[in-house]
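Report on one structure; see the data block that follows.
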Amino acid sequence: ATKDEEFVKRMKMLKTSFGDFVFDDLLNQPSPRLFSSHLCGKNLLPKKLFDGWEDDDDCAVNGHGEKVGTANEGRGRLIVVIRNLKDTLVSLHHFRGVPKDGWYGNEHGPGSFARAIDVENCPNAFGSSFMWVKRSGEAVDAISPERALVLQYEELKLDFDTQLQRINDFLGLPKLTDAKAKAVAAECAAKSMKGKTGGRFKMIIRKGMVGDWQNYLDDERWEEFDRVFDKVLGGVDIAEPLRQYQCKESLDEIVAAQEKL
């Protein structure tokens with residue numbers, strides 16, 4: 001197939017799986033609008049989320065003709081959902097089928113592990129997972145605590161009710177009834193989402209388990225992974241809670257609690 005034919009095929013797949021809509025459809029949503037995206041960081045998220053935003057047609061200019069900051073206050077809210085990066089790596093490895101170069105690489109490429117720890121040149125579709133967390137942390141730090149909420153996938157998995165209440169409170173919504181909270185929990189369960197028709201969730205949901213990374217790779221490579229984590233994300237506030245899910249010693253109780261759900 002030609003590149004054009006491959007492009008048309010891919011676009012049909014995306015429309016079937018994720019919906020046939022255009023950018024204006026997103027902009028024309030009734031308020032409050034909801035945008036869900038893999039994009040991260042101040043350079044890619046809407047500029048009006050952050051204090052000091054400016055419009056190109058009315059930005060202030062100093063005596064040297066340089067743009068200067070404005071007093072415009074940020075608006076809107078940001079919710080960031082993060083997952084421990086070892087389970088993220090396993091998920092990416094299996095996404096849309098195991099890659100030809102496997103975990104460790106071969107004549108087809110460097111392998112999933114080498115791609116993941118190559119922070120500067122990671123060729124994965126959404127870039128380096130390490131840098132995604134780092135840039136998301138920078139965005140959260142740049143927004144007031146009242147307008148930014150960080151959720152951990154693991155906490156959503158292990159204690160959904162508490163995390164749902166956090167989201168509800170953050171958005172300033174009326175208190176959820178028990179019946180509505182149970183209905184939301186049922187709809188958001190991995191098993192329920194995977195069973196939905198349309199292909200979207202079947203394509204992107206595999207297991208949804210916490211700690212599945214222990215079943216892959218060897219200790220030497222996971223130790224190398226830990227060194228990259230420390231180098232890139234050491235001191236990044238939103239990354240610190242992920243450590244407990246990336247350490248075998250602390251996973252036993254977590255996995256046991258998960259199995260009881």
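Every chain in the structure tokens takes a letter, A first, then B, and so on in the order presented; its residues are numbered from 1, and the ligands are numbered from 1 following the presented order.
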task: Compile the contact shell of A:Tyr104 as JSON, numbers by chain: residues with an atom at most 10 Å away, counting only C-alpha atoms, same-chain residues fewer than 3 positions apart removed.
output: {"A": [101, 109, 110, 111, 112, 113, 114, 115, 217]}
Contact residues around A:Gly127 with only C-alpha atoms at 10 Å, ignoring same-chain residues under 6 positions, as a PyMOL selection string: chain A and resi 115-116+118-121
task: Looking only at helix (DSSP H, G or I) from DSSP on the backbone, list the matching residues of stretch 3-224 of chain A as an NGL selection string.
output: :A and (3-18 or 23-27 or 47-49 or 85-94 or 112-117 or 129-142 or 145-147 or 153-158 or 160-170 or 178-188 or 190-194 or 200-204 or 212-215 or 219-224)
query: Where does DSSP see strand (DSSP E or B) in stretch 10-161 of chain A, if you list the residues as a PyMOL selection string?
result: chain A and resi 61+67+78-82+106+109+148-152
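What separates atom CA of A:Cys40 from atom CA of A:Phe225 is a distance of 22.1 Å.
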message: Using only C-alpha atoms for the distances, tell me which of A:Arg243, A:Lys248, A:Lys42, A:Arg75 is nearest to A:Gly137.
response: A:Lys42
Which neighbours of A:Glu224 fall inside 12 Å, counting only C-alpha atoms, when residues of the same chain fewer than 2 positions from it are skipped, and could you give them as an mmCIF file with N, CA, C and O atoms, in the first residue's frame?
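Writing the result to part.cif gives the following:
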data_model
loop_
_atom_site.group_PDB
_atom_site.id
_atom_site.type_symbol
_atom_site.label_atom_id
_atom_site.label_comp_id
_atom_site.auth_asym_id
_atom_site.auth_seq_id
_atom_site.Cartn_x
_atom_site.Cartn_y
_atom_site.Cartn_z
ATOM 1 N N LYS A 86 6.820 1.782 35.189
ATOM 2 C CA LYS A 86 7.145 0.396 34.821
ATOM 3 C C LYS A 86 5.932 -0.299 34.213
ATOM 4 O O LYS A 86 6.046 -0.979 33.185
ATOM 5 N N PHE A 113 12.584 -1.817 25.647
ATOM 6 C CA PHE A 113 13.296 -1.311 26.823
ATOM 7 C C PHE A 113 14.237 -0.169 26.450
ATOM 8 O O PHE A 113 14.240 0.885 27.102
ATOM 9 N N ALA A 114 15.022 -0.357 25.419
ATOM 10 C CA ALA A 114 15.968 0.685 24.993
ATOM 11 C C ALA A 114 15.234 1.947 24.567
ATOM 12 O O ALA A 114 15.682 3.064 24.851
ATOM 13 N N ALA A 116 12.407 3.010 25.727
ATOM 14 C CA ALA A 116 11.822 3.648 26.905
ATOM 15 C C ALA A 116 12.833 4.471 27.686
ATOM 16 O O ALA A 116 12.508 5.550 28.190
ATOM 17 N N ILE A 117 14.066 3.972 27.817
ATOM 18 C CA ILE A 117 15.042 4.686 28.649
ATOM 19 C C ILE A 117 15.857 5.702 27.844
ATOM 20 O O ILE A 117 16.677 6.423 28.425
ATOM 21 N N ASP A 118 15.630 5.783 26.545
ATOM 22 C CA ASP A 118 16.300 6.793 25.716
ATOM 23 C C ASP A 118 15.503 8.091 25.831
ATOM 24 O O ASP A 118 14.698 8.429 24.967
ATOM 25 N N LEU A 217 11.038 -8.654 32.005
ATOM 26 C CA LEU A 217 12.418 -8.193 32.141
ATOM 27 C C LEU A 217 13.102 -8.789 33.375
ATOM 28 O O LEU A 217 12.506 -9.544 34.123
ATOM 29 N N ASP A 218 14.364 -8.446 33.564
ATOM 30 C CA ASP A 218 15.127 -8.983 34.692
ATOM 31 C C ASP A 218 15.505 -7.865 35.647
ATOM 32 O O ASP A 218 15.326 -6.685 35.357
ATOM 33 N N ASP A 219 16.030 -8.240 36.804
ATOM 34 C CA ASP A 219 16.357 -7.250 37.837
ATOM 35 C C ASP A 219 17.377 -6.230 37.343
ATOM 36 O O ASP A 219 17.303 -5.048 37.704
ATOM 37 N N GLU A 220 18.328 -6.671 36.545
ATOM 38 C CA GLU A 220 19.372 -5.760 36.062
ATOM 39 C C GLU A 220 18.777 -4.620 35.242
ATOM 40 O O GLU A 220 19.158 -3.451 35.417
ATOM 41 N N ARG A 221 17.827 -4.951 34.394
ATOM 42 C CA ARG A 221 17.223 -3.897 33.569
ATOM 43 C C ARG A 221 16.299 -3.003 34.383
ATOM 44 O O ARG A 221 16.225 -1.794 34.155
ATOM 45 N N TRP A 222 15.584 -3.576 35.329
ATOM 46 C CA TRP A 222 14.728 -2.729 36.159
ATOM 47 C C TRP A 222 15.580 -1.798 37.021
ATOM 48 O O TRP A 222 15.175 -0.654 37.297
ATOM 49 N N ASP A 226 15.390 2.225 37.132
ATOM 50 C CA ASP A 226 15.333 3.029 38.360
ATOM 51 C C ASP A 226 16.352 4.165 38.323
ATOM 52 O O ASP A 226 16.075 5.278 38.796
ATOM 53 N N ARG A 227 17.526 3.905 37.767
ATOM 54 C CA ARG A 227 18.550 4.952 37.693
ATOM 55 C C ARG A 227 18.102 6.088 36.774
ATOM 56 O O ARG A 227 18.344 7.266 37.074
ATOM 57 N N VAL A 228 17.459 5.743 35.668
ATOM 58 C CA VAL A 228 16.946 6.778 34.763
ATOM 59 C C VAL A 228 15.841 7.569 35.456
ATOM 60 O O VAL A 228 15.777 8.801 35.357
ATOM 61 N N PHE A 229 14.978 6.864 36.175
ATOM 62 C CA PHE A 229 13.902 7.530 36.920
ATOM 63 C C PHE A 229 14.484 8.543 37.901
ATOM 64 O O PHE A 229 14.033 9.693 37.975
ATOM 65 N N ASP A 230 15.502 8.132 38.662
ATOM 66 C CA ASP A 230 16.116 9.026 39.640
ATOM 67 C C ASP A 230 16.752 10.235 38.963
ATOM 68 O O ASP A 230 16.644 11.368 39.458
ATOM 69 N N LYS A 231 17.418 10.014 37.857
ATOM 70 C CA LYS A 231 18.107 11.093 37.157
ATOM 71 C C LYS A 231 17.137 12.117 36.587
ATOM 72 O O LYS A 231 17.355 13.329 36.702
#
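Nearest residue to A:Cys247, choosing from A:Asp20, A:Asp87, A:Asp141, A:Asp161 and counting only C-alpha atoms: A:Asp87.
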